[in-house]
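The file start14.cif comes next; it holds mmCIF, C-alpha atoms.
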```cif
data_run
#
loop_
_atom_site.label_atom_id
_atom_site.label_comp_id
_atom_site.auth_asym_id
_atom_site.auth_seq_id
_atom_site.Cartn_x
_atom_site.Cartn_y
_atom_site.Cartn_z
CA MET A 1 60.80 -109.18 83.84
CA MET A 2 58.42 -110.38 81.21
CA ARG A 3 54.80 -109.54 80.74
CA LYS A 4 51.83 -111.84 81.04
CA SER A 5 52.58 -115.47 80.33
CA ARG A 6 51.09 -118.84 81.03
CA LEU A 7 54.24 -120.60 82.14
CA GLY A 8 53.40 -121.60 85.70
CA GLN A 9 53.18 -119.74 88.97
CA GLU A 10 56.77 -118.61 89.42
CA THR A 11 57.07 -117.35 85.86
CA LEU A 12 53.59 -115.86 86.00
CA GLN A 13 54.61 -113.70 88.92
CA THR A 14 57.61 -112.51 86.98
CA SER A 15 55.45 -111.85 83.96
CA LEU A 16 52.87 -109.80 85.76
CA SER A 17 55.49 -107.72 87.48
CA ARG A 18 56.81 -106.66 84.10
CA ARG A 19 53.55 -106.47 82.27
CA GLY A 20 52.32 -104.27 85.05
CA PHE A 21 54.91 -101.59 84.58
CA LEU A 22 53.59 -100.81 81.11
CA VAL A 23 49.95 -101.81 81.37
CA MET A 24 49.12 -100.50 84.82
CA GLY A 25 52.40 -98.78 85.57
CA ALA A 26 52.57 -96.65 82.48
CA GLY A 27 48.92 -96.41 81.71
CA GLY A 28 47.01 -97.11 84.88
CA THR A 29 49.08 -94.69 86.92
CA ALA A 30 48.16 -91.71 84.82
CA ALA A 31 44.51 -92.69 84.71
CA PHE A 32 44.47 -93.31 88.44
CA LEU A 33 46.14 -90.00 89.20
CA ALA A 34 43.76 -88.17 86.95
CA GLY A 35 40.95 -89.44 89.12
CA CYS A 36 42.62 -88.22 92.31
CA GLY A 37 42.21 -84.50 91.97
CA GLY A 38 42.80 -83.18 88.47
CA GLY A 39 45.99 -81.20 88.28
CA GLU A 40 46.58 -80.90 92.01
CA GLY A 41 49.53 -82.69 93.53
CA LEU A 42 49.02 -85.79 95.62
CA GLY A 43 51.99 -85.41 97.91
CA SER A 44 51.50 -85.39 101.66
CA GLY A 45 52.56 -81.80 102.04
CA ALA A 46 56.34 -81.94 101.87
CA SER A 47 58.05 -79.16 99.98
CA LYS A 48 58.31 -79.86 96.29
CA GLU A 49 61.97 -78.89 96.66
CA GLY A 50 62.46 -81.95 98.85
CA VAL A 51 64.74 -82.06 101.88
CA GLY A 52 68.38 -81.25 101.36
CA GLY A 53 71.22 -81.65 103.79
CA PHE A 54 72.49 -85.03 102.65
CA THR A 55 76.26 -85.12 103.06
CA GLY A 56 77.00 -88.56 101.70
CA GLY A 57 78.49 -91.49 103.53
CA LYS A 58 76.81 -93.33 106.38
CA TYR A 59 73.76 -92.13 108.23
CA THR A 60 74.68 -90.65 111.63
CA GLY A 61 71.31 -89.66 113.06
CA PRO A 62 69.12 -91.49 115.57
CA ALA A 63 67.85 -95.00 114.91
CA VAL A 64 65.17 -95.07 112.22
CA THR A 65 63.08 -97.66 110.41
CA LEU A 66 62.39 -96.96 106.75
CA ASP A 67 59.62 -98.34 104.57
CA TYR A 68 60.91 -99.32 101.11
CA TRP A 69 58.52 -100.24 98.29
CA ASN A 70 59.37 -101.90 95.00
CA GLY A 71 57.86 -104.26 92.45
CA PHE A 72 60.59 -106.90 92.35
CA THR A 73 58.23 -109.85 92.71
CA GLY A 74 59.79 -112.10 90.07
CA GLY A 75 63.24 -113.50 89.41
CA ASP A 76 64.79 -110.21 90.49
CA GLY A 77 63.24 -110.46 93.96
CA PRO A 78 65.81 -112.74 95.62
CA THR A 79 68.67 -110.50 94.52
CA MET A 80 67.02 -107.42 96.02
CA ASP A 81 66.15 -109.37 99.18
CA ALA A 82 69.81 -110.26 99.58
CA LEU A 83 70.90 -106.65 99.14
CA VAL A 84 68.44 -105.38 101.74
CA LYS A 85 69.48 -108.12 104.16
CA LYS A 86 73.11 -107.20 103.61
CA TYR A 87 72.41 -103.55 104.42
CA ASN A 88 70.36 -104.39 107.51
CA SER A 89 73.15 -106.60 108.84
CA SER A 90 75.53 -103.64 108.94
CA PRO A 91 76.03 -101.67 112.18
CA ALA A 92 74.17 -98.66 110.75
CA LYS A 93 71.25 -97.21 112.72
CA VAL A 94 68.92 -97.72 109.78
CA THR A 95 66.54 -100.65 109.41
CA VAL A 96 65.00 -101.03 105.97
CA LYS A 97 61.58 -102.69 105.90
CA GLN A 98 60.95 -103.88 102.36
CA THR A 99 57.47 -104.25 100.87
CA THR A 100 57.30 -105.92 97.47
CA ILE A 101 54.19 -105.33 95.36
CA GLU A 102 53.33 -106.41 91.83
CA TRP A 103 54.14 -103.49 89.55
CA ALA A 104 50.51 -103.40 88.43
CA ASP A 105 49.45 -102.68 92.00
CA PHE A 106 52.52 -100.64 92.89
CA TYR A 107 51.70 -97.82 90.49
CA GLN A 108 48.18 -97.58 91.89
CA LYS A 109 49.02 -97.94 95.57
CA LEU A 110 51.92 -95.47 95.60
CA PRO A 111 49.91 -92.34 94.65
CA ALA A 112 46.97 -93.52 96.75
CA ALA A 113 49.26 -93.81 99.76
CA ALA A 114 50.75 -90.40 99.02
CA GLN A 115 47.30 -88.85 98.95
CA ALA A 116 46.59 -90.36 102.37
CA GLY A 117 49.93 -89.24 103.78
CA LYS A 118 51.12 -92.83 104.05
CA GLY A 119 53.29 -95.24 102.09
CA PRO A 120 57.05 -95.70 101.79
CA HIS A 121 59.87 -93.34 102.61
CA PHE A 122 61.65 -94.35 99.44
CA GLY A 123 61.40 -96.93 96.70
CA ALA A 124 62.30 -98.06 93.20
CA MET A 125 60.25 -97.35 90.09
CA HIS A 126 60.69 -97.44 86.34
CA LEU A 127 62.32 -94.47 84.71
CA ASP A 128 59.32 -93.76 82.50
CA GLN A 129 57.21 -93.24 85.64
CA ILE A 130 59.45 -90.59 87.20
CA ALA A 131 57.95 -87.57 85.43
CA THR A 132 54.34 -88.49 86.20
CA ASN A 133 55.01 -89.05 89.89
CA ALA A 134 57.20 -85.95 90.11
CA ALA A 135 54.49 -83.81 88.53
CA ARG A 136 52.00 -85.08 91.10
CA GLN A 137 54.45 -84.47 93.99
CA VAL A 138 54.38 -88.13 94.98
CA ILE A 139 58.18 -88.07 94.88
CA VAL A 140 60.63 -85.26 95.65
CA PRO A 141 63.92 -84.04 94.18
CA ILE A 142 67.11 -85.76 95.31
CA ASP A 143 69.67 -83.55 93.60
CA ASP A 144 71.73 -83.53 96.79
CA VAL A 145 72.29 -87.28 96.55
CA ALA A 146 73.75 -86.95 93.09
CA SER A 147 75.74 -83.89 94.11
CA GLU A 148 77.29 -85.31 97.26
CA LEU A 149 78.13 -88.57 95.52
CA GLY A 150 79.73 -86.65 92.68
CA LEU A 151 77.51 -88.44 90.18
CA SER A 152 76.97 -87.17 86.66
CA ALA A 153 75.95 -88.47 83.25
CA GLY A 154 79.51 -89.68 82.70
CA ASP A 155 79.18 -92.20 85.52
CA PHE A 156 76.29 -94.04 83.89
CA ALA A 157 75.26 -95.87 80.77
CA PRO A 158 74.55 -93.37 77.98
CA ALA A 159 71.12 -91.73 77.90
CA VAL A 160 69.89 -93.11 81.26
CA TRP A 161 70.84 -90.10 83.40
CA GLN A 162 68.84 -87.23 81.93
CA PRO A 163 65.31 -88.75 81.79
CA ALA A 164 65.15 -88.78 85.62
CA VAL A 165 65.24 -84.98 85.56
CA TYR A 166 61.87 -83.24 85.56
CA GLY A 167 61.29 -79.50 85.82
CA GLY A 168 65.01 -78.92 86.27
CA SER A 169 65.32 -81.22 89.31
CA ARG A 170 66.53 -84.79 89.65
CA TYR A 171 64.00 -87.27 91.02
CA GLY A 172 65.73 -90.60 90.46
CA ILE A 173 69.10 -92.32 90.77
CA PRO A 174 69.48 -95.03 88.08
CA PHE A 175 70.17 -98.55 89.31
CA ASP A 176 70.08 -100.52 86.06
CA VAL A 177 69.12 -100.50 82.42
CA HIS A 178 67.11 -103.18 80.66
CA CYS A 179 66.24 -103.44 77.00
CA LEU A 180 64.98 -105.66 74.23
CA ALA A 181 67.36 -108.26 72.87
CA MET A 182 67.31 -110.95 70.22
CA TYR A 183 67.25 -114.56 71.40
CA TRP A 184 67.76 -117.59 69.19
CA ASN A 185 67.51 -121.34 69.56
CA GLN A 186 71.03 -122.62 68.94
CA GLU A 187 69.84 -126.09 67.93
CA HIS A 188 67.63 -124.53 65.24
CA PHE A 189 70.47 -122.33 64.02
CA ASP A 190 72.84 -125.28 63.81
CA LYS A 191 70.35 -127.34 61.83
CA ALA A 192 69.75 -124.41 59.46
CA GLY A 193 73.47 -123.79 58.99
CA ILE A 194 73.41 -120.32 60.55
CA SER A 195 76.82 -119.68 62.07
CA SER A 196 76.22 -116.21 63.53
CA PRO A 197 73.20 -114.16 64.59
CA PRO A 198 71.71 -111.77 62.01
CA THR A 199 72.72 -108.15 62.38
CA ASP A 200 70.67 -106.32 59.75
CA ALA A 201 67.51 -106.63 57.66
CA ALA A 202 69.12 -108.70 54.91
CA SER A 203 70.80 -111.22 57.20
CA PHE A 204 67.67 -111.48 59.33
CA ASP A 205 65.56 -112.27 56.28
CA GLU A 206 68.17 -114.78 55.10
CA ALA A 207 68.19 -116.47 58.51
CA CYS A 208 64.40 -116.80 58.51
CA GLN A 209 64.49 -118.34 55.04
CA LYS A 210 67.16 -120.85 56.08
CA LEU A 211 65.18 -121.77 59.16
CA GLN A 212 62.08 -122.39 57.06
CA GLN A 213 64.11 -124.56 54.71
CA ALA A 214 65.35 -126.51 57.73
CA GLY A 215 61.78 -127.33 58.69
CA TYR A 216 60.95 -124.50 61.08
CA LYS A 217 57.85 -123.18 59.35
CA THR A 218 57.33 -120.00 61.39
CA PRO A 219 60.75 -119.00 62.77
CA PHE A 220 59.91 -115.50 64.07
CA TRP A 221 56.52 -114.84 65.66
CA MET A 222 55.22 -111.26 65.52
CA PRO A 223 53.01 -110.41 68.53
CA ASN A 224 50.04 -108.10 68.06
CA GLN A 225 50.27 -106.93 71.67
CA TRP A 226 53.11 -106.98 74.22
CA PRO A 227 55.95 -106.61 73.39
CA ALA A 228 54.90 -105.25 69.98
CA HIS A 229 55.14 -101.60 71.00
CA LEU A 230 58.67 -102.09 72.33
CA MET A 231 59.64 -103.62 69.00
CA PHE A 232 57.94 -100.78 67.14
CA LEU A 233 59.68 -98.08 69.17
CA SER A 234 63.05 -99.76 68.58
CA LEU A 235 62.44 -99.91 64.83
CA LEU A 236 61.14 -96.34 64.76
CA TRP A 237 64.34 -95.09 66.35
CA GLN A 238 66.36 -97.24 63.95
CA HIS A 239 64.70 -95.42 61.06
CA GLY A 240 65.59 -92.05 62.56
CA GLY A 241 62.20 -91.20 64.03
CA GLU A 242 61.03 -90.03 67.44
CA PRO A 243 57.72 -91.21 68.90
CA TYR A 244 56.90 -88.05 70.84
CA ALA A 245 57.96 -84.44 71.07
CA ALA A 246 60.36 -83.98 73.97
CA ASP A 247 58.18 -81.21 75.42
CA GLY A 248 55.12 -83.47 75.48
CA SER A 249 53.20 -81.42 72.95
CA ALA A 250 52.66 -83.98 70.19
CA ALA A 251 52.91 -87.59 69.05
CA THR A 252 55.17 -88.01 66.03
CA PHE A 253 55.24 -91.79 65.58
CA ASP A 254 53.17 -91.59 62.37
CA ASP A 255 55.95 -90.16 60.22
CA GLN A 256 57.83 -92.03 57.50
CA ALA A 257 60.03 -93.74 60.08
CA GLY A 258 57.02 -95.02 61.97
CA VAL A 259 55.32 -96.33 58.85
CA ALA A 260 58.53 -98.10 57.79
CA ALA A 261 58.85 -99.67 61.24
CA LEU A 262 55.29 -100.97 61.37
CA THR A 263 55.37 -102.12 57.75
CA TRP A 264 58.42 -104.27 58.51
CA MET A 265 56.54 -105.81 61.43
CA THR A 266 53.52 -106.70 59.29
CA ASP A 267 55.83 -107.98 56.55
CA GLN A 268 57.04 -110.73 58.87
CA ILE A 269 53.51 -112.13 58.81
CA ASN A 270 53.06 -111.55 55.08
CA LYS A 271 56.29 -113.43 54.38
CA GLY A 272 55.07 -116.37 56.41
CA TYR A 273 57.72 -116.08 59.12
CA SER A 274 55.01 -115.56 61.73
CA PRO A 275 51.48 -116.85 62.28
CA PRO A 276 48.84 -114.14 61.74
CA ASN A 277 47.48 -113.88 65.29
CA VAL A 278 50.10 -113.99 68.05
CA ASP A 279 48.68 -112.92 71.41
CA ILE A 280 50.40 -111.37 74.43
CA ASP A 281 53.68 -113.16 75.15
CA ALA A 282 52.69 -116.09 72.94
CA GLN A 283 55.84 -115.54 70.91
CA TYR A 284 57.96 -116.01 74.03
CA LEU A 285 56.09 -119.12 75.10
CA ALA A 286 56.54 -120.54 71.59
CA PHE A 287 60.24 -119.75 71.68
CA LYS A 288 60.69 -121.32 75.10
CA ASN A 289 58.89 -124.45 73.90
CA GLY A 290 60.97 -124.71 70.72
CA GLU A 291 58.10 -123.87 68.38
CA THR A 292 59.85 -120.83 66.94
CA SER A 293 63.52 -120.06 66.41
CA ILE A 294 64.01 -116.35 67.10
CA THR A 295 62.30 -113.92 69.42
CA TRP A 296 62.80 -110.31 70.44
CA ASP A 297 62.13 -109.85 74.12
CA GLY A 298 63.58 -108.21 77.19
CA ILE A 299 66.72 -109.27 78.99
CA TRP A 300 64.46 -110.03 81.93
CA GLN A 301 63.78 -113.37 80.22
CA ILE A 302 67.37 -114.54 80.69
CA ASN A 303 66.96 -116.21 84.06
CA ASP A 304 63.76 -117.94 82.98
CA LEU A 305 65.51 -119.35 79.91
CA LYS A 306 68.57 -120.35 81.93
CA ALA A 307 66.31 -122.38 84.19
CA GLY A 308 65.21 -124.45 81.19
CA GLU A 309 67.07 -126.86 78.97
CA MET A 310 67.29 -124.83 75.76
CA ASP A 311 70.67 -123.90 74.34
CA PHE A 312 69.97 -120.27 73.50
CA GLY A 313 71.94 -117.27 72.33
CA ILE A 314 71.44 -113.57 72.98
CA ALA A 315 72.55 -110.54 70.99
CA PRO A 316 71.39 -107.00 70.18
CA ILE A 317 68.35 -106.82 67.93
CA PRO A 318 69.35 -106.46 64.26
CA THR A 319 69.61 -103.02 62.72
CA ILE A 320 66.61 -103.16 60.41
CA GLY A 321 66.69 -99.42 59.77
CA ASP A 322 69.56 -97.04 59.07
CA GLN A 323 71.06 -96.91 62.55
CA PRO A 324 71.29 -99.21 65.59
CA ALA A 325 68.74 -98.44 68.30
CA VAL A 326 66.67 -100.29 70.86
CA TRP A 327 64.00 -99.48 73.43
CA ALA A 328 65.20 -99.40 77.02
CA ASN A 329 64.01 -98.62 80.52
CA SER A 330 65.61 -98.38 83.94
CA HIS A 331 64.83 -98.92 87.61
CA ASN A 332 65.44 -95.72 89.58
CA PHE A 333 65.50 -95.07 93.31
CA PHE A 334 63.35 -92.23 94.60
CA VAL A 335 62.31 -90.53 97.85
CA THR A 336 58.63 -89.84 98.50
CA ALA A 337 57.02 -86.69 99.82
CA LEU A 338 56.38 -88.61 103.05
CA GLY A 339 60.02 -89.58 103.27
CA ALA A 340 61.01 -85.94 102.91
CA GLU A 341 58.85 -84.73 105.81
CA ASP A 342 61.44 -85.75 108.41
CA GLN A 343 65.08 -84.79 108.03
CA ASN A 344 66.36 -87.99 109.63
CA ALA A 345 64.16 -90.23 107.49
CA ALA A 346 65.17 -88.28 104.40
CA ASN A 347 68.87 -88.55 105.15
CA ALA A 348 68.60 -92.24 106.04
CA SER A 349 66.71 -92.95 102.82
CA LYS A 350 69.31 -91.14 100.80
CA ALA A 351 72.11 -92.98 102.60
CA PHE A 352 70.56 -96.30 101.59
CA ILE A 353 70.16 -95.14 97.99
CA SER A 354 73.80 -94.05 98.01
CA TRP A 355 74.87 -97.43 99.35
CA ILE A 356 72.79 -99.63 97.06
CA SER A 357 73.79 -97.64 94.00
CA LYS A 358 77.34 -98.77 94.64
CA GLN A 359 76.21 -102.41 94.86
CA SER A 360 74.64 -102.49 91.42
CA ALA A 361 77.11 -105.09 90.09
CA GLU A 362 75.33 -107.64 92.28
CA TRP A 363 72.08 -106.67 90.56
CA ALA A 364 73.40 -108.32 87.40
CA GLY A 365 72.22 -111.55 89.00
CA ALA A 366 68.68 -110.33 88.34
CA ALA A 367 69.48 -110.32 84.59
CA MET A 368 69.82 -106.55 84.58
CA ILE A 369 72.60 -104.34 83.24
CA PRO A 370 74.13 -102.17 85.98
CA ALA A 371 73.62 -98.49 85.24
CA ARG A 372 76.90 -97.36 86.81
CA ASN A 373 79.92 -97.64 84.56
CA SER A 374 82.14 -98.82 87.42
CA ALA A 375 79.79 -101.72 88.22
CA ARG A 376 79.90 -102.95 84.64
CA LYS A 377 83.57 -103.79 85.09
CA GLU A 378 82.79 -106.33 87.82
CA PRO A 379 82.83 -110.11 87.07
CA ALA A 380 79.22 -110.43 88.25
CA TYR A 381 78.29 -108.53 85.11
CA THR A 382 81.10 -109.33 82.68
CA LYS A 383 80.40 -113.06 83.07
CA SER A 384 76.63 -112.71 82.69
CA PRO A 385 74.65 -113.49 79.50
CA GLN A 386 73.52 -109.86 79.19
CA TYR A 387 77.14 -108.80 78.83
CA ALA A 388 76.68 -109.72 75.17
CA LEU A 389 74.83 -106.39 74.88
CA ASN A 390 77.52 -104.30 76.55
CA ASP A 391 78.90 -102.75 73.37
CA TYR A 392 75.36 -101.79 72.36
CA LEU A 393 74.64 -99.56 75.38
CA GLY A 394 75.28 -96.40 73.39
CA ASN A 395 72.26 -97.29 71.25
CA LEU A 396 69.69 -97.44 74.06
CA HIS A 397 66.71 -95.12 73.70
CA PHE A 398 64.36 -94.00 76.46
CA LEU A 399 60.99 -92.32 76.24
CA PRO A 400 61.02 -88.59 77.07
CA ALA A 401 60.24 -87.40 80.60
CA VAL A 402 56.63 -86.44 79.89
CA PRO A 403 53.95 -86.85 82.60
CA GLY A 404 51.07 -89.10 81.61
CA LEU A 405 52.81 -90.38 78.50
CA GLY A 406 52.36 -94.02 79.39
CA ASP A 407 48.59 -93.70 79.57
CA VAL A 408 48.55 -91.92 76.22
CA GLN A 409 50.53 -94.75 74.67
CA ILE A 410 48.23 -97.39 76.14
CA GLN A 411 45.17 -95.66 74.68
CA THR A 412 46.54 -94.85 71.24
CA LEU A 413 49.77 -96.41 69.95
CA GLU A 414 49.32 -99.91 71.30
CA PRO A 415 45.78 -100.40 69.88
CA ALA A 416 47.00 -99.01 66.53
CA LEU A 417 49.80 -101.56 66.37
CA ASN A 418 47.34 -104.30 67.22
CA GLU A 419 45.00 -103.25 64.40
CA ALA A 420 47.81 -103.12 61.84
CA ILE A 421 49.50 -106.36 62.85
CA LEU A 422 46.17 -108.17 62.73
CA GLY A 423 45.72 -106.84 59.19
CA LYS A 424 42.62 -104.82 60.04
CA THR A 425 44.11 -101.40 59.20
CA PRO A 426 47.04 -100.36 56.94
CA PRO A 427 50.10 -99.22 58.94
CA ASP A 428 50.01 -95.61 57.75
CA GLU A 429 46.31 -95.21 58.50
CA ALA A 430 46.56 -96.87 61.90
CA LEU A 431 49.48 -94.69 62.96
CA SER A 432 47.98 -91.47 61.61
CA THR A 433 44.76 -91.89 63.56
CA ALA A 434 46.59 -92.92 66.71
CA ALA A 435 49.05 -90.01 66.53
CA SER A 436 46.22 -87.51 66.11
CA ASN A 437 44.42 -88.90 69.14
CA ALA A 438 47.64 -89.08 71.14
CA THR A 439 48.45 -85.46 70.41
CA GLU A 440 45.07 -84.35 71.75
CA LEU A 441 45.61 -86.34 74.94
CA MET A 442 49.12 -84.95 75.33
CA LYS A 443 47.88 -81.38 74.99
CA ALA A 444 45.32 -82.08 77.69
CA ASN A 445 48.07 -83.52 79.88
CA LEU A 446 50.14 -80.36 79.51
CA GLU A 447 47.32 -78.50 81.22
CA LYS A 448 46.52 -81.25 83.73
CA TYR A 449 50.08 -81.67 84.93
CA GLY A 450 50.98 -78.01 84.76
CA ALA A 451 53.80 -78.58 82.29
#
```

Could you rewrite the structure in this file as structure tokens?
Amino acid sequence: MMRKSRLGQETLQTSLSRRGFLVMGAGGTAAFLAGCGGGEGLGSGASKEGVGGFTGGKYTGPAVTLDYWNGFTGGDGPTMDALVKKYNSSPAKVTVKQTTIEWADFYQKLPAAAQAGKGPHFGAMHLDQIATNAARQVIVPIDDVASELGLSAGDFAPAVWQPAVYGGSRYGIPFDVHCLAMYWNQEHFDKAGISSPPTDAASFDEACQKLQQAGYKTPFWMPNQWPAHLMFLSLLWQHGGEPYAADGSAATFDDQAGVAALTWMTDQINKGYSPPNVDIDAQYLAFKNGETSITWDGIWQINDLKAGEMDFGIAPIPTIGDQPAVWANSHNFFVTALGAEDQNAANASKAFISWISKQSAEWAGAAMIPARNSARKEPAYTKSPQYALNDYLGNLHFLPAVPGLGDVQIQTLEPALNEAILGKTPPDEALSTAASNATELMKANLEKYGA
């Protein structure tokens, strides 16, 4: 689930699928939708209330074939393929036809298909895309799925349930959570005499110093692009800040917490722990090749690292600020406006979502953390590398459910981080300018999306 990399075809596909969800998925979607009719919805005409009537359990209507879209083109693809095959092999009257698209294309093609009255009946998308697609009526509420299954916030990892609610209705059922983590090269740690991973600012600094003394000149590379903004958001939350107003009215990442977060990031370069110009995913490539000792990246890198020969460790990112916190996202299942036009298709789609939600322990094989509490008790997860983060789930933070927010972030926050990390602009100045511009865009979005 990594972003752009230059690690060969298989890894490149994985990289683009993840890079896409924030570059094109978060940003390109909003820009694309804006060009498809201003504030008008793009749905194919189905009621914005969706289609109710789901009673849980198996689908009992006539035979139906459903189109299912997702972006699982990387290492997570085989796991999803197996789940779909398992469902289709059951005696149910539902046949699921899966179409897998790079996330970068997915978030463009989905609204385009909705505008044309085509596309999937249901699919999976990132949690931070729910609000935008709900506001444009590309997807419809599925409160009845949650209701009939008896699902509530208490059944899921903390904080992942509420962000799929927009305008008082639920548009997504969480399947997993994924977050940043800290990886380290165990051989480097052993040589440097580091017996346990750093957990705070002081121990992190001490570890970097020991690694330098052991001959690893630049032990922690600081990227100036992806995943810099995920690191920044994590550090911002650790310092008690919030990047955006929950109602979508303003950007607030330029406060004292934001400045402290970005200053720490630039300090890693000033201290010599990182080279001065680390491009997109270069820090991960360097880590994988043994050029650097520690990296912060998503848990989606686990399977790629397992396929190599490195002896690596994984743990929560250190608490650099006053409180533990880390950026997170989630894959959610949704039903489209097209899927809601026909009662049988709607019920069949919801039956599949109900079924696959209960299979989320198997999804741990894709290096994800199951969203459902019950699934996280299964050996498929408890024996996985990402289980090392299990006790940290209460510290996950998600962006607010604000339509168009991803595009705002692409245009403002990410360039500001790039300028500061490259040493072109002081952190406070870079964030102040970006927050001002972001607030203007967010105000415009409130009108555009009818929020």

- request: Please identify all polymer residues within 12 Å of A:Leu305, counting only C-alpha atoms, omitting same-chain residues fewer than 4 positions from it, and present them as a list of chain:residue names.
  value: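 Non-adjacent residues within range: A:Met1, A:Met2, A:Leu7, A:Thr11, A:Gly75, A:Tyr183, A:Trp184, A:Asn185, A:Tyr284, A:Leu285, A:Phe287, A:Lys288, A:Asn289, A:Gly290, A:Asp297, A:Gly298, A:Ile299, A:Trp300, A:Gln301, A:Glu309, A:Met310, A:Asp311, A:Phe312, A:Gly313, A:Ile314, A:Ala367, A:Pro385.
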
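Taking atom CA of A:Lys306 as the reference point, atom CA of A:Leu399 is found at 29.6 Å.
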
statement: As a check of understanding: the span from atom CA of A:Gln411 to atom CA of A:Ala164 is 23.8 Å

query: From the set A:Tyr87, A:Tyr166, A:Tyr107, A:Trp363, which residue has the shortest atom-to-atom contact distance to A:Asn70, counting only C-alpha atoms?
result: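 Nearest candidate to A:Asn70 out of A:Tyr87, A:Tyr166, A:Tyr107, A:Trp363: A:Tyr107.
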
field: Answer key for the PyMOL selection byres ((chain A and resi 336) around 7), residues as a VMD selection string
entry: chain A and resid 120 to 122 138 to 140 334 to 335 337 to 340

Check which residues satisfy the PyMOL selection byres ((chain A and resi 357-362) around 8) in the file shown, then give them as a CSV table (one decimal) with C-alpha atoms, keeping the file's coordinate frame.
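Contents of the output file result07.csv:
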```csv
chain,number,residue,atom,x,y,z
A,79,THR,CA,68.7,-110.5,94.5
A,173,ILE,CA,69.1,-92.3,90.8
A,174,PRO,CA,69.5,-95.0,88.1
A,175,PHE,CA,70.2,-98.6,89.3
A,176,ASP,CA,70.1,-100.5,86.1
A,353,ILE,CA,70.2,-95.1,98.0
A,354,SER,CA,73.8,-94.0,98.0
A,355,TRP,CA,74.9,-97.4,99.4
A,356,ILE,CA,72.8,-99.6,97.1
A,363,TRP,CA,72.1,-106.7,90.6
A,364,ALA,CA,73.4,-108.3,87.4
A,365,GLY,CA,72.2,-111.6,89.0
A,370,PRO,CA,74.1,-102.2,86.0
A,371,ALA,CA,73.6,-98.5,85.2
A,372,ARG,CA,76.9,-97.4,86.8
A,375,ALA,CA,79.8,-101.7,88.2
A,376,ARG,CA,79.9,-103.0,84.6
A,378,GLU,CA,82.8,-106.3,87.8
A,380,ALA,CA,79.2,-110.4,88.2
A,381,TYR,CA,78.3,-108.5,85.1
```

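As for atom CA of A:Phe232 and atom CA of A:Ser203, they are spaced 19.3 Å apart.
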
Missing atoms in stretch 250-261 of chain A should be modelled up to N, CA and C atoms and reported as an mmCIF file, in the frame of the given file.
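The result, written out as part_35.cif:
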```
data_model
loop_
_atom_site.group_PDB
_atom_site.id
_atom_site.type_symbol
_atom_site.label_atom_id
_atom_site.label_comp_id
_atom_site.auth_asym_id
_atom_site.auth_seq_id
_atom_site.Cartn_x
_atom_site.Cartn_y
_atom_site.Cartn_z
ATOM 1 N N ALA A 250 53.206 -83.272 71.350
ATOM 2 C CA ALA A 250 52.660 -83.980 70.190
ATOM 3 C C ALA A 250 53.231 -85.386 70.070
ATOM 4 N N ALA A 251 52.444 -86.254 69.431
ATOM 5 C CA ALA A 251 52.910 -87.590 69.050
ATOM 6 C C ALA A 251 53.406 -87.516 67.615
ATOM 7 N N THR A 252 54.550 -88.106 67.360
ATOM 8 C CA THR A 252 55.170 -88.010 66.030
ATOM 9 C C THR A 252 55.499 -89.388 65.456
ATOM 10 N N PHE A 253 54.899 -90.428 66.014
ATOM 11 C CA PHE A 253 55.240 -91.790 65.580
ATOM 12 C C PHE A 253 54.600 -92.177 64.252
ATOM 13 N N ASP A 254 53.834 -91.262 63.642
ATOM 14 C CA ASP A 254 53.170 -91.590 62.370
ATOM 15 C C ASP A 254 53.934 -91.092 61.160
ATOM 16 N N ASP A 255 55.180 -90.657 61.354
ATOM 17 C CA ASP A 255 55.950 -90.160 60.220
ATOM 18 C C ASP A 255 56.467 -91.320 59.374
ATOM 19 N N GLN A 256 57.313 -91.007 58.409
ATOM 20 C CA GLN A 256 57.830 -92.030 57.500
ATOM 21 C C GLN A 256 58.571 -93.135 58.251
ATOM 22 N N ALA A 257 59.295 -92.747 59.293
ATOM 23 C CA ALA A 257 60.030 -93.740 60.080
ATOM 24 C C ALA A 257 59.080 -94.705 60.767
ATOM 25 N N GLY A 258 57.997 -94.177 61.303
ATOM 26 C CA GLY A 258 57.020 -95.020 61.970
ATOM 27 C C GLY A 258 56.341 -95.982 61.016
ATOM 28 N N VAL A 259 55.976 -95.480 59.846
ATOM 29 C CA VAL A 259 55.320 -96.330 58.850
ATOM 30 C C VAL A 259 56.272 -97.437 58.399
ATOM 31 N N ALA A 260 57.544 -97.087 58.198
ATOM 32 C CA ALA A 260 58.530 -98.100 57.790
ATOM 33 C C ALA A 260 58.687 -99.164 58.876
ATOM 34 N N ALA A 261 58.700 -98.729 60.126
ATOM 35 C CA ALA A 261 58.850 -99.670 61.240
ATOM 36 C C ALA A 261 57.679 -100.646 61.303
#
```
